[in-house]
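Each remark here refers to the structure printed beneath this line.
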Amino acid sequence: MVYRGGLSPRVVFVGEAPGAAEDRTGLPFVGRSGRKLDAAIERLGLASDEFGVLNLLKCRPPENRFDPRAAATCRPFLDRQLAFLRPSLLVSLGAHALRALDPRAPPILRAAGVPRTGGPVPVFPLLHPAAALRSRRWAERWDRDLVELGAWLAGGVAQPV
């Protein structure tokens with residue numbers, strides 16, 4: 001479970017951990033959540049070389065439960081990936097990805113849709129696409145936050161460095 005996307009992406013979407021479909025294919029975000037994410041990326045107008053997708057955890061956790069110890073173990077791999085890719089914006093997908101990218105961030109329901117610019121690379125938190133698939137309320141929130149992300153990208157805030 002490494003990466004899919006361009007080699008010099010403007011935006012990297014960082015998820016939490018692979019699911020069953022990702023385990024089968026070896027690629028991040030290829031199941032139902034991946035289709036939701038792909039639709040969002042298309043809606044944002046990002047070309048295939050302008051974005052990348054990866055996960056904090058590199059293998060599916062036992063019982064599909066996120067483990068902070070596994071996140072600490074996988075963190076150096078994530079850091080090396082990001083150092084190689086050098087994106088100008090990170091989009092966290094879900095609470096665990098947000099916490100990994102910005103430990104000082106508020107809870108995901110407060111942080112989603114609001115850019116976080118205090119670190120070396122700006123982070124734009126989004127709910128996990130799976131949440132938007134499970135609830136109409138979160139689907140509406142997902143859509144609103146995508147509009148904010150699109151406006152932020154169009155405003156030039158996350159231009160390549």
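Convention: chains lettered A, B, ... in structure tokens order; per-chain residue numbering from 1; ligands numbered from 1 as shown.
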**Request:** With a distance cut-off of 7 Å and only C-alpha atoms, select the neighbouring residues of segment 122-126 of chain A, excluding the residue or stretch itself and same-chain residues fewer than 3 positions from it, and output the selection as a PyMOL selection string.
**Result:** chain A and resi 89-94+98+111-119+145
Selection to disk with C-alpha atoms, as a PDB file, in the first residue's frame:
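This went into out33.pdb:
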ATOM      1  CA  LEU A  89      -0.936  21.080   0.311  1.00  0.00           C
ATOM      2  CA  LEU A  90      -1.947  18.051   2.345  1.00  0.00           C
ATOM      3  CA  VAL A  91      -5.597  17.070   2.659  1.00  0.00           C
ATOM      4  CA  SER A  92      -6.224  14.895   5.694  1.00  0.00           C
ATOM      5  CA  LEU A  93      -9.049  12.391   5.349  1.00  0.00           C
ATOM      6  CA  GLY A  94     -10.507  11.646   8.767  1.00  0.00           C
ATOM      7  CA  LEU A  98      -5.532  14.903  10.808  1.00  0.00           C
ATOM      8  CA  ALA A 111     -11.435  21.265  11.985  1.00  0.00           C
ATOM      9  CA  ALA A 112     -12.966  19.944   8.744  1.00  0.00           C
ATOM     10  CA  GLY A 113     -13.271  22.549   6.027  1.00  0.00           C
ATOM     11  CA  VAL A 114     -10.869  25.018   7.656  1.00  0.00           C
ATOM     12  CA  PRO A 115      -7.268  25.267   6.374  1.00  0.00           C
ATOM     13  CA  ARG A 116      -4.495  24.772   8.937  1.00  0.00           C
ATOM     14  CA  THR A 117      -1.466  26.793   7.928  1.00  0.00           C
ATOM     15  CA  GLY A 118       0.771  26.668  10.998  1.00  0.00           C
ATOM     16  CA  GLY A 119       2.996  23.781   9.891  1.00  0.00           C
ATOM     17  CA  ASP A 145     -16.079  21.298   2.804  1.00  0.00           C
TER      18      ASP A 145
END
**Message:** Show me, as a PyMOL selection string, the residues that have an atom within 12 Å of Glu63 of chain A when counting only C-alpha atoms, minus same-chain residues fewer than 6 positions from it.
**Reply:** chain A and resi 17-20
Given the selection you just returned, output its residues as a file containing C-alpha atoms, formatted as a PDB file, in the first residue's frame.
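Produced file result29.pdb, reproduced below:
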ATOM      1  CA  ALA A  17      -5.420   3.008   6.781  1.00  0.00           C
ATOM      2  CA  PRO A  18      -6.126   0.599   3.944  1.00  0.00           C
ATOM      3  CA  GLY A  19      -9.463  -1.179   3.782  1.00  0.00           C
ATOM      4  CA  ALA A  20     -10.328  -4.575   2.315  1.00  0.00           C
TER       5      ALA A  20
END
**Message:** So that I can check the surroundings of Asn55 of chain A, please list as a ChimeraX atom specification every protein, DNA and RNA residue that reaches within 7 Å of it, counting only C-alpha atoms and ignoring chain neighbours fewer than 2 positions away.
**Reply:** /A:14-18,28,57-58
Dump N, CA and C atoms for the selected residues as a short mmCIF file (atom, residue, chain, number, x, y, z; two decimals), in the first residue's frame?
data_model
loop_
_atom_site.label_atom_id
_atom_site.label_comp_id
_atom_site.auth_asym_id
_atom_site.auth_seq_id
_atom_site.Cartn_x
_atom_site.Cartn_y
_atom_site.Cartn_z
N VAL A 14 -4.21 12.38 2.34
CA VAL A 14 -3.65 11.41 3.29
C VAL A 14 -4.79 10.77 4.07
N GLY A 15 -4.96 9.47 3.87
CA GLY A 15 -5.97 8.71 4.59
C GLY A 15 -5.38 8.04 5.82
N GLU A 16 -6.23 7.27 6.47
CA GLU A 16 -5.84 6.66 7.73
C GLU A 16 -5.18 5.30 7.55
N ALA A 17 -5.91 4.38 6.91
CA ALA A 17 -5.42 3.01 6.78
C ALA A 17 -6.13 2.33 5.62
N PRO A 18 -5.49 1.33 5.04
CA PRO A 18 -6.13 0.60 3.94
C PRO A 18 -7.35 -0.19 4.42
N PRO A 28 -4.00 2.60 -2.53
CA PRO A 28 -4.86 3.30 -1.57
C PRO A 28 -6.14 3.84 -2.22
N LEU A 57 -1.17 4.54 7.62
CA LEU A 57 -0.79 3.15 7.84
C LEU A 57 -0.59 2.49 6.49
N LYS A 58 0.41 1.66 6.38
CA LYS A 58 0.76 1.06 5.09
C LYS A 58 0.15 -0.33 4.90
#
**Request:** Taking the chain letters and numbering used in this document, name the residues of segment 4-109 of chain A that DSSP puts in helix (DSSP H, G or I), as a ChimeraX atom specification.
**Result:** /A:20-25,32-44,62-64,68-85,95-101,108-109
**Fill in**
The distance between atom CA of Leu146 of chain A and atom CA of Leu44 of chain A is 7.7 Å
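The spacing separating atom CA of Phe29 of chain A from atom CA of Leu101 of chain A amounts to 18.4 Å.
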**Message:** So that I can check the surroundings of Arg80 of chain A, please list as a PyMOL selection string every protein, DNA and RNA residue that reaches within 12 Å of it, counting only C-alpha atoms and ignoring chain neighbours fewer than 6 positions away.
**Reply:** chain A and resi 2+56+74+86
**Message:** Just checking: using only C-alpha atoms, which residue out of A:Leu85, A:Ala100, A:Ala70, A:Ala132 ends up closest to Gly5 of chain A?
**Reply:**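 Counting only C-alpha atoms, the residue closest to Gly5 of chain A is A:Leu85.
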**Message:** Let me make sure I understand: among A:Leu27, A:Leu37, A:Val147, A:Leu46, which one has the smallest atom-to-atom distance to Ala130 of chain A if we use only C-alpha atoms?
**Reply:** A:Leu37
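Picture a line from atom CA of Glu148 of chain A to atom CA of Gln81 of chain A; it runs 26.3 Å.
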**Fill in**
Residue with the minimum atom-to-atom distance to Phe84 of chain A, picked from A:Gly6, A:Gly150, A:Pro129, A:Gly45 with only C-alpha atoms counted, is A:Gly6
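Using only C-alpha atoms for every distance, the candidate list A:Val121, A:Ala47, A:Leu133, A:Val30 yields A:Val121 as the residue closest to Asp79 of chain A.
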